[in-house]
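Here is start.txt, consisting of compact mmCIF, C-alpha atoms and all ligand atoms:
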# COMPACT_ATOMS: atom_id res chain seq x y z
CA ILE A 988 107.90 120.92 110.37
CA SER A 989 106.85 117.73 108.66
CA SER A 990 103.55 116.10 109.53
CA GLN A 991 103.51 112.36 109.57
CA ALA A 992 100.64 110.69 107.77
CA HIS A 993 98.61 108.38 109.98
CA SER A 994 98.82 104.70 109.21
CA ILE A 995 97.30 101.47 110.50
CA ILE A 996 98.52 97.90 110.93
CA LEU A 997 96.12 94.96 110.87
CA PHE A 998 97.44 91.63 112.05
CA GLY A 999 96.11 88.32 113.20
CA PRO A 1000 96.35 84.63 112.30
CA PRO A 1001 95.66 83.38 108.76
CA GLY A 1002 91.96 83.57 108.01
CA ALA A 1003 91.21 85.87 110.96
CA GLY A 1004 89.35 88.28 108.66
CA LYS A 1005 92.10 90.82 108.00
CA GLY A 1006 91.41 91.11 104.28
CA THR A 1007 87.64 91.25 104.79
CA GLN A 1008 87.92 94.08 107.31
CA ALA A 1009 90.76 95.83 105.48
CA VAL A 1010 88.54 96.43 102.45
CA ARG A 1011 86.00 98.16 104.68
CA ILE A 1012 88.55 100.17 106.68
CA SER A 1013 90.19 101.26 103.46
CA GLN A 1014 86.82 102.56 102.23
CA THR A 1015 86.03 104.46 105.43
CA THR A 1016 89.50 105.97 105.92
CA GLY A 1017 90.50 106.41 102.28
CA LYS A 1018 93.84 104.76 102.99
CA PRO A 1019 95.17 102.25 100.46
CA GLN A 1020 95.28 98.62 101.64
CA ILE A 1021 98.77 97.19 101.41
CA SER A 1022 98.51 93.40 101.61
CA THR A 1023 101.82 91.57 101.32
CA GLY A 1024 99.89 88.33 100.70
CA ASP A 1025 98.08 89.86 97.69
CA MET A 1026 101.31 91.39 96.39
CA LEU A 1027 103.12 88.05 96.65
CA ARG A 1028 100.29 86.16 94.91
CA GLU A 1029 100.38 88.69 92.09
CA ALA A 1030 104.15 88.21 91.73
CA VAL A 1031 103.61 84.42 91.64
CA ARG A 1032 100.92 84.76 88.93
CA GLU A 1033 103.15 87.01 86.86
CA GLY A 1034 106.07 84.63 87.26
CA THR A 1035 108.56 87.32 88.32
CA ASP A 1036 111.86 86.26 89.97
CA LEU A 1037 110.50 87.40 93.31
CA GLY A 1038 107.30 85.43 92.75
CA ASN A 1039 109.21 82.28 91.85
CA GLU A 1040 111.28 82.56 94.99
CA ALA A 1041 108.30 83.23 97.25
CA LYS A 1042 106.12 80.45 95.82
CA GLY A 1043 107.88 77.55 97.55
CA TYR A 1044 107.53 79.12 100.96
CA MET A 1045 103.89 80.06 100.45
CA ASN A 1046 102.87 76.62 99.22
CA ARG A 1047 104.47 75.03 102.28
CA GLY A 1048 102.76 77.46 104.63
CA LEU A 1049 106.02 79.13 105.66
CA LEU A 1050 106.72 82.81 105.98
CA VAL A 1051 108.58 84.34 103.04
CA PRO A 1052 112.06 85.64 104.06
CA ASP A 1053 112.09 89.08 105.65
CA SER A 1054 114.45 90.57 103.03
CA ILE A 1055 111.95 89.86 100.23
CA ILE A 1056 109.06 91.34 102.17
CA ILE A 1057 110.94 94.46 103.24
CA GLY A 1058 112.00 95.05 99.61
CA LEU A 1059 108.39 94.74 98.44
CA ILE A 1060 107.16 97.21 101.05
CA SER A 1061 109.86 99.80 100.36
CA GLU A 1062 108.95 99.76 96.67
CA ARG A 1063 105.24 100.01 97.46
CA LEU A 1064 105.64 103.01 99.77
CA LYS A 1065 107.27 105.00 96.95
CA ARG A 1066 103.94 105.18 95.13
CA SER A 1067 102.16 108.50 95.54
CA ASP A 1068 98.99 107.02 97.05
CA ALA A 1069 101.00 106.08 100.16
CA SER A 1070 101.85 109.64 101.08
CA GLY A 1071 98.57 110.22 102.96
CA GLY A 1072 99.06 107.16 105.15
CA VAL A 1073 98.37 103.47 104.52
CA LEU A 1074 96.66 100.39 105.89
CA PHE A 1075 99.05 97.46 106.28
CA ASP A 1076 97.29 94.11 106.02
CA GLY A 1077 99.44 91.13 107.00
CA PHE A 1078 102.64 93.13 107.42
CA PRO A 1079 104.78 93.24 109.55
CA ARG A 1080 104.68 89.59 110.53
CA THR A 1081 108.02 89.23 112.35
CA ILE A 1082 110.05 91.39 114.73
CA PRO A 1083 112.75 92.07 112.09
CA GLN A 1084 109.99 93.28 109.74
CA ALA A 1085 108.62 95.56 112.48
CA ILE A 1086 112.09 97.02 113.05
CA ALA A 1087 112.62 97.55 109.32
CA LEU A 1088 109.22 99.22 109.15
CA ASP A 1089 110.19 101.71 111.85
CA LYS A 1090 113.04 102.89 109.61
CA LEU A 1091 110.84 103.05 106.53
CA LEU A 1092 108.26 105.14 108.39
CA ILE A 1093 110.87 107.83 108.97
CA THR A 1094 112.00 107.75 105.35
CA PHE A 1095 108.46 108.07 104.03
CA GLY A 1096 107.05 110.46 106.64
CA LEU A 1097 104.51 108.01 108.03
CA LYS A 1098 103.43 107.14 111.53
CA ILE A 1099 101.60 104.11 112.91
CA ASN A 1100 98.70 105.20 115.11
CA PHE A 1101 96.82 101.93 115.41
CA VAL A 1102 97.90 98.32 115.48
CA PHE A 1103 94.89 96.03 115.49
CA GLU A 1104 95.20 92.43 116.56
CA LEU A 1105 92.28 90.33 115.37
CA ILE A 1106 91.82 87.52 117.87
CA VAL A 1107 90.33 84.26 116.59
CA ASP A 1108 90.86 80.80 118.09
CA ASP A 1109 92.70 78.09 116.20
CA GLU A 1110 89.69 75.87 115.57
CA GLN A 1111 87.73 78.72 113.97
CA ILE A 1112 90.82 79.67 111.93
CA ILE A 1113 90.92 76.26 110.34
CA SER A 1114 87.24 76.38 109.29
CA ARG A 1115 87.63 79.91 107.94
CA VAL A 1116 90.68 79.09 105.85
CA VAL A 1117 89.36 75.80 104.50
CA GLY A 1118 86.02 77.38 103.43
CA ARG A 1119 87.49 80.52 101.89
CA TYR A 1120 87.12 81.44 98.19
CA THR A 1121 87.16 84.64 96.14
CA CYS A 1122 85.66 86.01 92.95
CA LYS A 1123 88.20 85.51 90.15
CA ASN A 1124 87.21 88.78 88.53
CA CYS A 1125 87.05 91.27 91.41
CA ASP A 1126 88.68 89.44 94.33
CA THR A 1127 85.68 89.82 96.67
CA GLY A 1128 86.01 87.25 99.46
CA TYR A 1129 83.42 84.63 100.39
CA HIS A 1130 83.09 81.59 102.62
CA ASP A 1131 81.31 78.25 102.08
CA GLN A 1132 79.32 78.65 105.30
CA PHE A 1133 79.95 82.05 106.83
CA LEU A 1134 79.71 84.47 103.92
CA LYS A 1135 77.85 83.19 100.87
CA PRO A 1136 76.95 85.35 97.88
CA LYS A 1137 73.29 86.52 97.97
CA ILE A 1138 72.56 84.51 94.82
CA GLU A 1139 74.36 81.19 94.84
CA GLY A 1140 77.27 81.09 92.41
CA VAL A 1141 77.05 84.79 91.47
CA CYS A 1142 79.43 87.44 92.84
CA ASP A 1143 77.53 90.14 94.79
CA ASN A 1144 79.99 92.78 93.73
CA CYS A 1145 80.48 92.22 89.99
CA GLY A 1146 77.92 89.60 88.91
CA LYS A 1147 80.53 87.19 87.49
CA LYS A 1148 80.32 83.46 88.15
CA VAL A 1149 83.91 82.24 88.39
CA PHE A 1150 85.47 81.73 91.80
CA ILE A 1151 88.91 80.59 92.92
CA ARG A 1152 90.49 79.01 95.97
CA ARG A 1153 94.05 79.54 97.15
CA ASN A 1154 96.60 76.71 96.85
CA ASP A 1155 97.64 77.16 100.45
CA ASP A 1156 94.11 77.10 101.90
CA ASN A 1157 94.03 73.46 102.96
CA SER A 1158 93.89 72.01 106.46
CA GLN A 1159 97.49 70.78 106.30
CA THR A 1160 99.15 74.03 105.21
CA VAL A 1161 97.05 76.08 107.61
CA ARG A 1162 98.60 74.19 110.51
CA SER A 1163 102.13 75.25 109.56
CA ARG A 1164 100.91 78.80 109.00
CA LEU A 1165 99.37 78.82 112.47
CA LYS A 1166 102.58 77.47 113.99
CA ASP A 1167 104.61 80.22 112.33
CA TYR A 1168 102.05 82.72 113.52
CA HIS A 1169 102.39 81.71 117.16
CA ARG A 1170 106.18 81.48 116.96
CA LYS A 1171 107.14 84.47 114.84
CA THR A 1172 104.22 86.87 114.53
CA SER A 1173 102.69 86.90 118.00
CA PRO A 1174 105.88 88.39 119.59
CA MET A 1175 104.84 91.60 117.82
CA ILE A 1176 102.01 91.88 120.34
CA SER A 1177 104.36 93.03 123.08
CA TYR A 1178 106.45 95.08 120.64
CA TYR A 1179 103.42 97.26 119.91
CA SER A 1180 101.64 97.08 123.26
CA ASN A 1181 104.81 98.42 124.90
CA ILE A 1182 104.43 101.61 122.93
CA GLY A 1183 100.71 101.84 123.68
CA ILE A 1184 99.24 101.51 120.20
CA LEU A 1185 97.93 97.94 120.28
CA TYR A 1186 94.16 97.42 120.11
CA LYS A 1187 92.69 93.94 120.49
CA ILE A 1188 89.60 93.16 118.47
CA ASN A 1189 87.41 90.11 119.03
CA GLY A 1190 87.49 88.50 115.59
CA MET A 1191 85.17 85.66 116.59
CA LEU A 1192 82.13 87.89 116.04
CA GLY A 1193 80.25 88.05 112.74
CA VAL A 1194 81.74 90.18 109.94
CA ASP A 1195 79.54 93.25 110.56
CA ASN A 1196 80.00 93.14 114.32
CA VAL A 1197 83.78 93.01 113.90
CA THR A 1198 83.55 96.12 111.70
CA LYS A 1199 81.55 97.82 114.48
CA LYS A 1200 84.35 97.06 116.95
CA PHE A 1201 86.85 98.79 114.65
CA ASN A 1202 84.61 101.80 114.24
CA ALA A 1203 84.13 102.05 118.01
CA THR A 1204 87.83 102.91 118.37
CA LYS A 1205 89.00 106.39 117.43
CA LEU A 1206 90.10 104.95 114.10
CA LEU A 1207 87.73 107.00 111.97
CA GLN A 1208 88.65 110.29 113.60
CA VAL A 1209 92.35 109.67 113.29
CA GLY A 1210 91.91 108.04 109.92
CA LEU A 1211 90.62 111.20 108.29
CA PRO A 1212 92.94 112.42 105.58
CA ILE A 1213 95.34 115.10 106.77
CA THR A 1214 94.75 118.44 105.11
P1 LIG B 1301 92.68 86.93 106.37
O1 LIG B 1301 92.86 88.07 105.43
O2 LIG B 1301 92.92 87.31 107.81
O3 LIG B 1301 93.49 85.74 106.01
P2 LIG B 1301 89.94 86.73 105.28
O4 LIG B 1301 89.44 88.12 105.41
O5 LIG B 1301 90.33 86.24 103.95
O6 LIG B 1301 91.15 86.49 106.34
O7 LIG B 1301 88.83 85.75 105.92
C1 LIG B 1301 89.00 84.34 105.91
C2 LIG B 1301 87.66 83.65 105.56
O8 LIG B 1301 86.75 83.82 106.66
C3 LIG B 1301 86.96 84.21 104.34
O9 LIG B 1301 86.33 83.14 103.68
C4 LIG B 1301 85.95 85.19 104.91
O10 LIG B 1301 84.81 85.29 104.07
C5 LIG B 1301 85.59 84.57 106.24
N1 LIG B 1301 85.37 85.55 107.31
C6 LIG B 1301 86.01 86.76 107.47
N2 LIG B 1301 85.58 87.38 108.59
C7 LIG B 1301 84.67 86.53 109.18
C8 LIG B 1301 83.87 86.61 110.37
N3 LIG B 1301 83.95 87.66 111.20
N4 LIG B 1301 83.07 85.56 110.65
C9 LIG B 1301 83.01 84.49 109.82
N5 LIG B 1301 83.72 84.37 108.68
C10 LIG B 1301 84.55 85.38 108.36
P1 LIG B 1302 96.82 84.70 105.52
O1 LIG B 1302 96.37 85.95 106.15
O2 LIG B 1302 95.71 83.79 105.16
O3 LIG B 1302 97.92 84.01 106.25
P2 LIG B 1302 98.24 86.17 103.40
O4 LIG B 1302 97.53 86.35 102.15
O5 LIG B 1302 98.43 87.35 104.29
O6 LIG B 1302 97.48 85.00 104.14
O7 LIG B 1302 99.67 85.52 103.16
C1 LIG B 1302 99.80 84.35 102.39
C2 LIG B 1302 101.24 83.83 102.48
O8 LIG B 1302 102.14 84.83 101.97
C3 LIG B 1302 101.73 83.55 103.91
O9 LIG B 1302 101.42 82.26 104.33
C4 LIG B 1302 103.24 83.76 103.75
O10 LIG B 1302 103.84 82.64 103.12
C5 LIG B 1302 103.31 84.91 102.76
N1 LIG B 1302 103.35 86.23 103.44
C6 LIG B 1302 102.41 87.23 103.36
N2 LIG B 1302 102.78 88.29 104.08
C7 LIG B 1302 103.98 87.98 104.64
C8 LIG B 1302 104.87 88.68 105.50
N3 LIG B 1302 104.62 89.91 105.94
N4 LIG B 1302 106.02 88.03 105.87
C9 LIG B 1302 106.30 86.80 105.43
N5 LIG B 1302 105.50 86.09 104.62
C10 LIG B 1302 104.35 86.68 104.21
ZN ZN B 1303 83.24 89.71 91.66
As structure tokens, please, write out the structure in this file.
Ligand code: ADP
Ligand code: ADP
Ligand code: ZN
Amino acid sequence: ISSQAHSIILFGPPGAGKGTQAVRISQTTGKPQISTGDMLREAVREGTDLGNEAKGYMNRGLLVPDSIIIGLISERLKRSDASGGVLFDGFPRTIPQAIALDKLLITFGLKINFVFELIVDDEQIISRVVGRYTCKNCDTGYHDQFLKPKIEGVCDNCGKKVFIRRNDDNSQTVRSRLKDYHRKTSPMISYYSNIGILYKINGMLGVDNVTKKFNATKLLQVGLPIT
């Protein structure tokens, strides 16, 4: 009898707070955060073939083709840290990706127990994306208005003073990303609610209150490592 390691999906529009919450959920559950956005940006920085192909889509605010994403995920799940279950952040983002994931789950002995949809309205999305920046050294996320470092210009987490903004975090690109979200990603809502594992989380609340909403689900119980 094989036990299937519990896994979690976090989805929601760009800037909804997936990354911010994923870091916390990863700490409380011990499950590695698998962010396709972070993996793609790393590939772009390193100038790999995959990165060069993905770059054009990302800069225009379009979804990267499913085949590229599915390839990335299958490679990632081979790493040993995935065997106890994982936290998907920003994947799957289309129905074909969700279908491909179902096959991969069987191959890797994983099971999705929770799919969280972070709900944030479009106007708030635009302000979150436009004000977003991260520490260049440790990747901790901040926001011009909503989440400033305790000491201005100094990262809370590592003390360094250099911050970066993403190329695609401008008000024009975010509109195409939102359009793609409503067209291609939101159909996943019924895909997962039909099988009874969709949980809606009000992402309009402050960062700590959103975390409380996650913790109020049975996430932490189910998220415990399987022994
Ligand atoms: P995503 O991973 O969904 O694209 P992020 O976690 O990067 O989103 O959050 C987008 C921006 O909004 C960041 O600048 C972050 O600091 C800020 N943010 C995240 N959660 C909240 C929240 N609940 N309220 C206000 N701002 C938030
Ligand atoms: P956000 O949550 O702010 O939209 P991400 O960091 O998750 O940003 O993704 C950044 C970009 O990377 C997306 O706009 C898209 O071009 C690409 N991307 C990330 N994940 C996927 C995915 N699962 N499918 C297709 N494209 C993706
Ligand atoms: Zn830092």
For atom CA of Gly1024 of chain A and atom CA of Ala1203 of chain A, quote the distance in Å rounded to one decimal.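 Here the two named atoms are 27.1 Å from each other.
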With 7 Å as the cut-off and all atoms listed in the file counted, what is the closest atom pair between each nearby residue of chain A and ligand ZN 1303 (chain B)? Distances in Å to one decimal, ordered by chain and number, as JSON lines.
{"residue": "A:Cys1122", "atom": "CA", "partner": "B:ZN1303", "partner_atom": "ZN", "distance": 4.6}
{"residue": "A:Lys1123", "atom": "CA", "partner": "B:ZN1303", "partner_atom": "ZN", "distance": 6.7}
{"residue": "A:Asn1124", "atom": "CA", "partner": "B:ZN1303", "partner_atom": "ZN", "distance": 5.1}
{"residue": "A:Cys1125", "atom": "CA", "partner": "B:ZN1303", "partner_atom": "ZN", "distance": 4.1}
{"residue": "A:Asp1126", "atom": "CA", "partner": "B:ZN1303", "partner_atom": "ZN", "distance": 6.1}
{"residue": "A:Thr1127", "atom": "CA", "partner": "B:ZN1303", "partner_atom": "ZN", "distance": 5.6}
{"residue": "A:Cys1142", "atom": "CA", "partner": "B:ZN1303", "partner_atom": "ZN", "distance": 4.6}
{"residue": "A:Asp1143", "atom": "CA", "partner": "B:ZN1303", "partner_atom": "ZN", "distance": 6.5}
{"residue": "A:Asn1144", "atom": "CA", "partner": "B:ZN1303", "partner_atom": "ZN", "distance": 4.9}
{"residue": "A:Cys1145", "atom": "CA", "partner": "B:ZN1303", "partner_atom": "ZN", "distance": 4.1}
{"residue": "A:Gly1146", "atom": "CA", "partner": "B:ZN1303", "partner_atom": "ZN", "distance": 6.0}
{"residue": "A:Lys1147", "atom": "CA", "partner": "B:ZN1303", "partner_atom": "ZN", "distance": 5.6}
Hey, can you pull every residue with an atom no more than 12 Å from (109.8, 92.7, 120.5), using all atoms listed in the file, and send it as a list in words? Arg1080, Thr1081, Ile1082, Pro1083, Gln1084, Ala1085, Ile1086, Lys1171, Thr1172, Ser1173, Pro1174, Met1175, Ile1176, Ser1177, Tyr1178, Tyr1179, Ser1180, Asn1181 and Ile1182 of chain A
Compare A:Val1107, A:Val1073, A:Ile1184, A:Val1141 by their minimum atom-to-atom distance to ligand LIG 1301 (chain B), counting only C-alpha atoms and all ligand atoms, and give me the closest one.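 Once distances to ligand LIG 1301 (chain B) are computed over only C-alpha atoms and all ligand atoms, the minimum belongs to A:Val1107.
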Compare A:Asn1157, A:Ser1070, A:Gln1014, A:Gln1132 by their minimum atom-to-atom distance to Ile1113 of chain A, counting all atoms listed in the file, and give me the closest one.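 Between A:Asn1157, A:Ser1070, A:Gln1014, A:Gln1132, the residue approaching Ile1113 of chain A most closely is A:Asn1157.
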Show me which residues sit within 9 Å of ligand LIG 1302 (chain B) when counting only C-alpha atoms and all ligand atoms, and put them as a compact mmCIF listing (two decimals) with C-alpha atoms, in the coordinates of the input.
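Output saved as result-v1.txt:
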# COMPACT_ATOMS: atom_id res chain seq x y z
CA PHE A 998 97.44 91.63 112.05
CA GLY A 999 96.11 88.32 113.20
CA PRO A 1000 96.35 84.63 112.30
CA PRO A 1001 95.66 83.38 108.76
CA GLY A 1002 91.96 83.57 108.01
CA ALA A 1003 91.21 85.87 110.96
CA GLY A 1004 89.35 88.28 108.66
CA LYS A 1005 92.10 90.82 108.00
CA GLY A 1006 91.41 91.11 104.28
CA SER A 1022 98.51 93.40 101.61
CA THR A 1023 101.82 91.57 101.32
CA GLY A 1024 99.89 88.33 100.70
CA ASP A 1025 98.08 89.86 97.69
CA MET A 1026 101.31 91.39 96.39
CA LEU A 1027 103.12 88.05 96.65
CA ARG A 1028 100.29 86.16 94.91
CA ALA A 1041 108.30 83.23 97.25
CA LYS A 1042 106.12 80.45 95.82
CA GLY A 1043 107.88 77.55 97.55
CA TYR A 1044 107.53 79.12 100.96
CA MET A 1045 103.89 80.06 100.45
CA ASN A 1046 102.87 76.62 99.22
CA ARG A 1047 104.47 75.03 102.28
CA GLY A 1048 102.76 77.46 104.63
CA LEU A 1049 106.02 79.13 105.66
CA LEU A 1050 106.72 82.81 105.98
CA VAL A 1051 108.58 84.34 103.04
CA PRO A 1052 112.06 85.64 104.06
CA ASP A 1053 112.09 89.08 105.65
CA ILE A 1055 111.95 89.86 100.23
CA ILE A 1056 109.06 91.34 102.17
CA ILE A 1057 110.94 94.46 103.24
CA ASP A 1076 97.29 94.11 106.02
CA GLY A 1077 99.44 91.13 107.00
CA PHE A 1078 102.64 93.13 107.42
CA PRO A 1079 104.78 93.24 109.55
CA ARG A 1080 104.68 89.59 110.53
CA THR A 1081 108.02 89.23 112.35
CA GLN A 1084 109.99 93.28 109.74
CA VAL A 1116 90.68 79.09 105.85
CA ASP A 1155 97.64 77.16 100.45
CA ASP A 1156 94.11 77.10 101.90
CA THR A 1160 99.15 74.03 105.21
CA VAL A 1161 97.05 76.08 107.61
CA SER A 1163 102.13 75.25 109.56
CA ARG A 1164 100.91 78.80 109.00
CA LEU A 1165 99.37 78.82 112.47
CA ASP A 1167 104.61 80.22 112.33
CA TYR A 1168 102.05 82.72 113.52
CA THR A 1172 104.22 86.87 114.53
Would you mind writing segment 996-1006 of chain A with all heavy atoms, as a compact mmCIF listing (two decimals), keeping the file's coordinate frame?
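Contents of rebuild.txt, freshly written:
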# COMPACT_ATOMS: atom_id res chain seq x y z
N ILE A 996 98.08 99.28 111.16
CA ILE A 996 98.52 97.90 110.93
C ILE A 996 97.40 96.96 111.37
O ILE A 996 96.83 97.14 112.45
CB ILE A 996 99.79 97.56 111.74
CG1 ILE A 996 101.00 98.34 111.22
CG2 ILE A 996 100.07 96.05 111.71
CD1 ILE A 996 102.26 98.17 112.08
N LEU A 997 97.12 95.98 110.54
CA LEU A 997 96.12 94.96 110.87
C LEU A 997 96.84 93.63 110.90
O LEU A 997 97.43 93.23 109.90
CB LEU A 997 95.10 94.97 109.73
CG LEU A 997 93.70 94.47 109.98
CD1 LEU A 997 93.10 95.19 111.15
CD2 LEU A 997 92.87 94.72 108.73
N PHE A 998 96.84 92.96 112.05
CA PHE A 998 97.44 91.63 112.05
C PHE A 998 96.60 90.64 112.83
O PHE A 998 95.68 90.99 113.56
CB PHE A 998 98.90 91.68 112.48
CG PHE A 998 99.16 91.60 113.96
CD1 PHE A 998 99.51 90.40 114.55
CD2 PHE A 998 99.04 92.73 114.75
CE1 PHE A 998 99.76 90.32 115.92
CE2 PHE A 998 99.29 92.66 116.12
CZ PHE A 998 99.64 91.45 116.70
N GLY A 999 96.90 89.39 112.60
CA GLY A 999 96.11 88.32 113.20
C GLY A 999 96.42 87.05 112.44
O GLY A 999 97.04 87.12 111.37
N PRO A 1000 96.03 85.89 112.96
CA PRO A 1000 96.35 84.63 112.30
C PRO A 1000 95.74 84.53 110.90
O PRO A 1000 94.84 85.31 110.56
CB PRO A 1000 95.75 83.58 113.24
CG PRO A 1000 94.76 84.32 114.08
CD PRO A 1000 95.25 85.71 114.19
N PRO A 1001 96.24 83.58 110.09
CA PRO A 1001 95.66 83.38 108.76
C PRO A 1001 94.16 83.15 108.87
O PRO A 1001 93.72 82.42 109.75
CB PRO A 1001 96.37 82.12 108.24
CG PRO A 1001 97.00 81.47 109.43
CD PRO A 1001 97.29 82.58 110.39
N GLY A 1002 93.40 83.80 108.02
CA GLY A 1002 91.96 83.57 108.01
C GLY A 1002 91.20 84.29 109.11
O GLY A 1002 90.00 84.11 109.29
N ALA A 1003 91.87 85.18 109.85
CA ALA A 1003 91.21 85.87 110.96
C ALA A 1003 90.17 86.87 110.47
O ALA A 1003 89.30 87.29 111.24
CB ALA A 1003 92.24 86.59 111.81
N GLY A 1004 90.28 87.28 109.20
CA GLY A 1004 89.35 88.28 108.66
C GLY A 1004 90.03 89.60 108.36
O GLY A 1004 89.36 90.61 108.17
N LYS A 1005 91.36 89.59 108.28
CA LYS A 1005 92.10 90.82 108.00
C LYS A 1005 91.69 91.43 106.67
O LYS A 1005 91.37 92.61 106.58
CB LYS A 1005 93.62 90.55 107.97
CG LYS A 1005 94.19 90.02 109.27
CD LYS A 1005 95.70 89.80 109.16
CE LYS A 1005 96.11 88.70 108.20
NZ LYS A 1005 95.70 87.34 108.59
N GLY A 1006 91.73 90.62 105.62
CA GLY A 1006 91.41 91.11 104.28
C GLY A 1006 89.98 91.64 104.22
O GLY A 1006 89.71 92.72 103.68
